[in-house]
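Below is run36.cif, which holds mmCIF, C-alpha atoms.
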```
data_start
loop_
_atom_site.label_atom_id
_atom_site.label_comp_id
_atom_site.auth_asym_id
_atom_site.auth_seq_id
_atom_site.Cartn_x
_atom_site.Cartn_y
_atom_site.Cartn_z
CA MET A 1 105.53 151.45 90.60
CA ARG A 2 104.51 147.92 89.66
CA THR A 3 106.40 145.00 91.17
CA VAL A 4 107.23 142.19 88.76
CA LYS A 5 107.70 138.84 90.44
CA ASP A 6 109.24 135.65 89.22
CA PRO A 7 106.48 133.61 87.50
CA ASP A 8 107.00 130.60 89.81
CA VAL A 9 106.74 132.81 92.89
CA ARG A 10 103.57 134.45 91.57
CA LYS A 11 102.00 131.07 90.73
CA GLN A 12 102.69 129.85 94.27
CA GLU A 13 101.19 133.03 95.74
CA ILE A 14 98.03 132.60 93.67
CA LEU A 15 97.85 128.94 94.61
CA LYS A 16 98.27 129.66 98.31
CA GLY A 17 95.68 132.45 98.22
CA ALA A 18 93.24 130.26 96.31
CA LEU A 19 93.62 127.45 98.82
CA LYS A 20 92.81 129.83 101.63
CA VAL A 21 89.66 130.98 99.84
CA PHE A 22 88.69 127.41 98.89
CA ALA A 23 89.03 126.37 102.53
CA ILE A 24 86.89 129.29 103.77
CA LYS A 25 84.20 129.49 101.08
CA GLY A 26 84.35 125.98 99.64
CA TYR A 27 85.36 125.12 96.12
CA ASP A 28 81.93 125.58 94.54
CA LYS A 29 81.38 129.09 95.96
CA THR A 30 84.86 130.37 95.16
CA THR A 31 85.44 132.52 92.08
CA ILE A 32 88.57 133.91 90.45
CA THR A 33 87.37 137.31 91.69
CA ASP A 34 87.47 136.00 95.27
CA ILE A 35 90.99 134.68 94.78
CA ALA A 36 92.22 137.94 93.24
CA ARG A 37 90.60 139.95 96.04
CA GLU A 38 92.30 137.77 98.68
CA LEU A 39 95.67 138.52 97.10
CA GLY A 40 95.04 142.15 96.24
CA ILE A 41 95.72 141.54 92.57
CA SER A 42 93.68 141.75 89.39
CA GLN A 43 91.68 138.86 87.97
CA GLY A 44 93.74 139.20 84.82
CA LEU A 45 96.90 138.41 86.75
CA CYS A 46 95.27 135.22 88.06
CA TYR A 47 94.32 134.27 84.51
CA ARG A 48 97.85 134.95 83.31
CA TYR A 49 99.06 132.00 85.40
CA TYR A 50 95.99 129.77 85.64
CA ALA A 51 93.31 129.41 82.96
CA SER A 52 90.55 128.68 85.48
CA LYS A 53 89.59 127.94 89.04
CA GLU A 54 89.69 124.26 88.09
CA GLU A 55 93.30 124.56 87.00
CA ILE A 56 94.19 126.14 90.34
CA TYR A 57 92.41 123.32 92.15
CA ASP A 58 94.22 120.71 90.04
CA ALA A 59 97.55 122.36 90.88
CA ALA A 60 96.66 122.28 94.58
CA LEU A 61 95.70 118.62 94.37
CA GLU A 62 98.95 117.78 92.61
CA GLU A 63 101.07 119.72 95.10
CA TYR A 64 99.37 118.22 98.14
CA ALA A 65 99.54 114.67 96.74
CA ASN A 66 103.27 115.07 96.00
CA TYR A 67 103.90 116.42 99.50
CA ILE A 68 102.03 113.58 101.21
CA LEU A 69 103.69 110.92 99.06
CA THR A 70 107.21 112.32 99.47
CA SER A 71 106.80 112.67 103.23
CA ASN A 72 105.55 109.13 103.62
CA LEU A 73 108.08 107.53 101.29
CA LYS A 74 110.80 108.87 103.57
CA ARG A 75 109.31 106.75 106.34
CA PHE A 76 108.75 103.69 104.14
CA ASN A 77 112.14 103.67 102.41
CA ASP A 78 114.46 101.83 104.74
CA ASP A 79 116.60 99.27 102.97
CA ASN A 80 117.43 97.53 106.24
CA ARG A 81 113.86 96.25 106.67
CA SER A 82 112.19 93.38 104.85
CA PHE A 83 109.07 94.00 102.79
CA LYS A 84 106.98 92.35 105.52
CA GLU A 85 108.49 94.65 108.16
CA LYS A 86 107.65 97.65 106.00
CA ILE A 87 104.03 96.50 105.64
CA LEU A 88 103.78 95.90 109.39
CA SER A 89 105.27 99.30 110.24
CA TYR A 90 102.97 101.07 107.80
CA ALA A 91 99.75 99.54 109.10
CA GLY A 92 100.83 99.86 112.69
CA ASN A 93 101.48 103.60 112.46
CA LEU A 94 98.64 104.94 110.35
CA LYS A 95 98.41 108.15 112.42
CA GLU A 96 102.06 108.86 111.69
CA TYR A 97 101.44 108.43 107.95
CA ARG A 98 98.51 110.83 108.11
CA LYS A 99 100.59 113.51 109.84
CA PRO A 100 101.80 115.17 106.60
CA GLU A 101 98.17 115.69 105.66
CA THR A 102 97.61 117.84 108.75
CA ASP A 103 100.75 119.98 108.36
CA ASN A 104 99.01 122.41 105.99
CA GLU A 105 95.73 123.51 107.55
CA GLU A 106 94.27 125.09 104.40
CA LEU A 107 94.90 122.01 102.29
CA TYR A 108 93.76 119.70 105.05
CA GLU A 109 90.48 121.59 105.37
CA LEU A 110 89.93 121.62 101.62
CA PHE A 111 90.48 117.89 101.22
CA HIS A 112 89.22 116.61 104.57
CA GLY A 113 86.68 119.15 105.76
CA GLN A 114 82.95 118.80 105.96
CA ASN A 115 81.41 118.05 102.54
CA SER A 116 84.86 117.30 101.09
CA GLN A 117 84.41 113.60 100.30
CA LYS A 118 84.73 114.16 96.54
CA PHE A 119 87.95 116.14 96.96
CA HIS A 120 89.32 113.61 99.44
CA ASP A 121 88.65 110.75 97.04
CA GLN A 122 90.37 112.65 94.21
CA LEU A 123 93.39 113.22 96.46
CA MET A 124 93.57 109.55 97.40
CA MET A 125 93.38 108.44 93.76
CA ASN A 126 96.09 110.95 92.79
CA ILE A 127 98.37 109.65 95.54
CA ALA A 128 97.61 106.06 94.53
CA GLY A 129 98.69 106.71 90.96
CA LYS A 130 101.97 108.17 92.18
CA LEU A 131 102.52 105.34 94.69
CA VAL A 132 102.19 102.40 92.27
CA PRO A 133 105.71 102.68 90.76
CA TYR A 134 107.29 102.75 94.22
CA ILE A 135 105.36 99.69 95.37
CA ALA A 136 106.22 97.88 92.12
CA GLU A 137 109.90 98.56 92.78
CA GLU A 138 109.62 97.28 96.36
CA LEU A 139 107.86 94.13 95.14
CA LYS A 140 110.59 93.55 92.53
CA LYS A 141 113.28 93.88 95.21
CA ALA A 142 111.42 91.46 97.49
CA LYS A 143 111.02 89.01 94.61
CA GLU A 144 114.72 89.24 93.68
CA SER A 145 115.73 88.62 97.29
CA GLY A 146 113.45 85.57 97.48
CA GLU A 147 111.19 87.09 100.11
CA ILE A 148 108.13 86.75 97.87
CA THR A 149 107.22 84.63 94.85
CA ILE A 150 104.81 86.55 92.67
CA SER A 151 104.76 86.35 88.90
CA ASP A 152 103.98 89.98 88.00
CA PRO A 153 105.14 92.68 90.47
CA ASP A 154 103.78 95.52 88.31
CA THR A 155 100.22 94.18 88.23
CA TYR A 156 100.39 93.23 91.89
CA ALA A 157 101.45 96.81 92.71
CA TYR A 158 98.22 98.11 91.18
CA PHE A 159 96.24 95.56 93.15
CA PHE A 160 98.20 96.36 96.31
CA VAL A 161 97.59 100.11 96.08
CA TYR A 162 94.13 100.38 94.55
CA GLY A 163 92.75 97.49 96.57
CA GLN A 164 93.62 99.30 99.78
CA ILE A 165 92.26 102.59 98.50
CA GLY A 166 88.93 100.94 97.74
CA VAL A 167 88.64 99.65 101.27
CA LEU A 168 89.79 102.89 102.88
CA LEU A 169 87.50 105.10 100.77
CA ASN A 170 84.47 103.07 101.73
CA THR A 171 82.71 105.35 104.21
CA GLN A 172 81.08 102.31 105.81
CA HIS A 173 84.38 100.49 106.37
CA ASP A 174 85.22 98.66 109.53
CA PRO A 175 87.48 100.64 111.92
CA ASN A 176 89.80 97.63 111.91
CA SER A 177 90.13 97.70 108.11
CA VAL A 178 93.78 98.81 108.21
CA LYS A 179 94.71 95.76 110.28
CA LYS A 180 92.65 93.54 107.97
CA ILE A 181 94.41 94.97 104.90
CA GLN A 182 97.78 94.31 106.52
CA ASP A 183 96.81 90.71 107.32
CA MET A 184 95.49 90.11 103.78
CA LEU A 185 98.67 91.47 102.19
CA ILE A 186 100.84 89.24 104.35
CA GLU A 187 98.64 86.26 103.52
CA LEU A 188 98.59 86.97 99.76
CA LEU A 189 102.36 87.39 99.67
CA ASN A 190 102.94 84.30 101.83
CA LEU A 191 105.11 86.34 104.18
#
```
Just give me the structure of the file as structure tokens.
Amino acid sequence: MRTVKDPDVRKQEILKGALKVFAIKGYDKTTITDIARELGISQGLCYRYYASKEEIYDAALEEYANYILTSNLKRFNDDNRSFKEKILSYAGNLKEYRKPETDNEELYELFHGQNSQKFHDQLMMNIAGKLVPYIAEELKKAKESGEITISDPDTYAYFFVYGQIGVLLNTQHDPNSVKKIQDMLIELLNL
């Protein structure tokens, strides 16, 4: 007798199985057939929930980016600290902020493994897009409290986020780049 599962449960199962196969075989060598075989289901069932391998990958990217962002915002959101203190704590504990990335081995391997630079960069840009509104809100709070005097917190948030991403994605970057970014942000904000 056939077991019918809740559509959300089935989608998560397919996603998890696909991630395992992506991590083992690599994205380019993975097919829907491989994913279905890993799960012991038909290809048709995979296609019922995801139109393509690319759609599965996009769902994985979205899920992983949301997880990393949510985990790190918990650390960053502390209303008892000034904006400068938040910047200093972030740059000083980069390993702690990378911890959520290592909690899921399959996703970590997919986005950080050998020959994964393209996927890593896509992940970083996805996270950046999600982070901008939070940074804009923090900048607005700091401006309202008189801690900073910038004219356009929304534009500065884009600069703040994407400027750092550019430096961090540079494979030739200086190992001290995180400290340099922190110092530049403090200088630009006159903190």
Practice prompt. Determine the nearest neighbour of Ala59 in chain A from the options A:Ala128, A:Leu185, A:Ile35, A:Ala18, counting all atoms listed in the file.
Written response: A:Ala18
Practice prompt. Determine the residue membership of the PyMOL selection byres ((chain A and resi 20) around 9) for the file above and supply it as an MDAnalysis selection string.
Written response: chainID A and resid 15:19 21:25 35 38 106:107 110
Worksheet entry | Test item: the PyMOL selection byres ((chain A and resi 61-74) around 10) resolved as a PyMOL selection string | chain A and resi 15+55-60+75-78+90+96-104+107-108+110-111+119-120+122-131+134
Practice prompt. Kindly resolve the PyMOL selection byres ((chain A and resi 153-163) around 8) on the present coordinates and return the residues as number ranges by chain.
Written response: A: 128, 131-133, 135-137, 139-140, 150-152, 164-167, 185
Keeping only C-alpha atoms, write the selected residues to a file as a tab-separated table (two decimals), in the coordinates of the input.
```tsv
chain	number	residue	atom	x	y	z
A	128	ALA	CA	97.61	106.06	94.53
A	131	LEU	CA	102.52	105.34	94.69
A	132	VAL	CA	102.19	102.40	92.27
A	133	PRO	CA	105.71	102.68	90.76
A	135	ILE	CA	105.36	99.69	95.37
A	136	ALA	CA	106.22	97.88	92.12
A	137	GLU	CA	109.90	98.56	92.78
A	139	LEU	CA	107.86	94.13	95.14
A	140	LYS	CA	110.59	93.55	92.53
A	150	ILE	CA	104.81	86.55	92.67
A	151	SER	CA	104.76	86.35	88.90
A	152	ASP	CA	103.98	89.98	88.00
A	164	GLN	CA	93.62	99.30	99.78
A	165	ILE	CA	92.26	102.59	98.50
A	166	GLY	CA	88.93	100.94	97.74
A	167	VAL	CA	88.64	99.65	101.27
A	185	LEU	CA	98.67	91.47	102.19
```
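As for CA of Ala51 in chain A and CA of Ala36 in chain A, they are spaced 13.4 Å apart.
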Item to complete: Kindly give the distance, in Å, that separates CA of Glu13 in chain A and CA of Thr31 in chain A, rounded to a single decimal.
Response: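 These two atoms are separated by 16.2 Å.
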Item to complete: Record the distance separating CA of Arg37 in chain A and CA of Asp6 in chain A, expressed in Å with one decimal.
Response: 20.3 Å
Item to complete: Considering all atoms listed in the file, state which residue in the set A:Lys180, A:Lys118, A:Lys141, A:Arg10 is at the smallest distance from Tyr50 in chain A.
Response: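 Result for the nearest residue to Tyr50 in chain A: A:Arg10.
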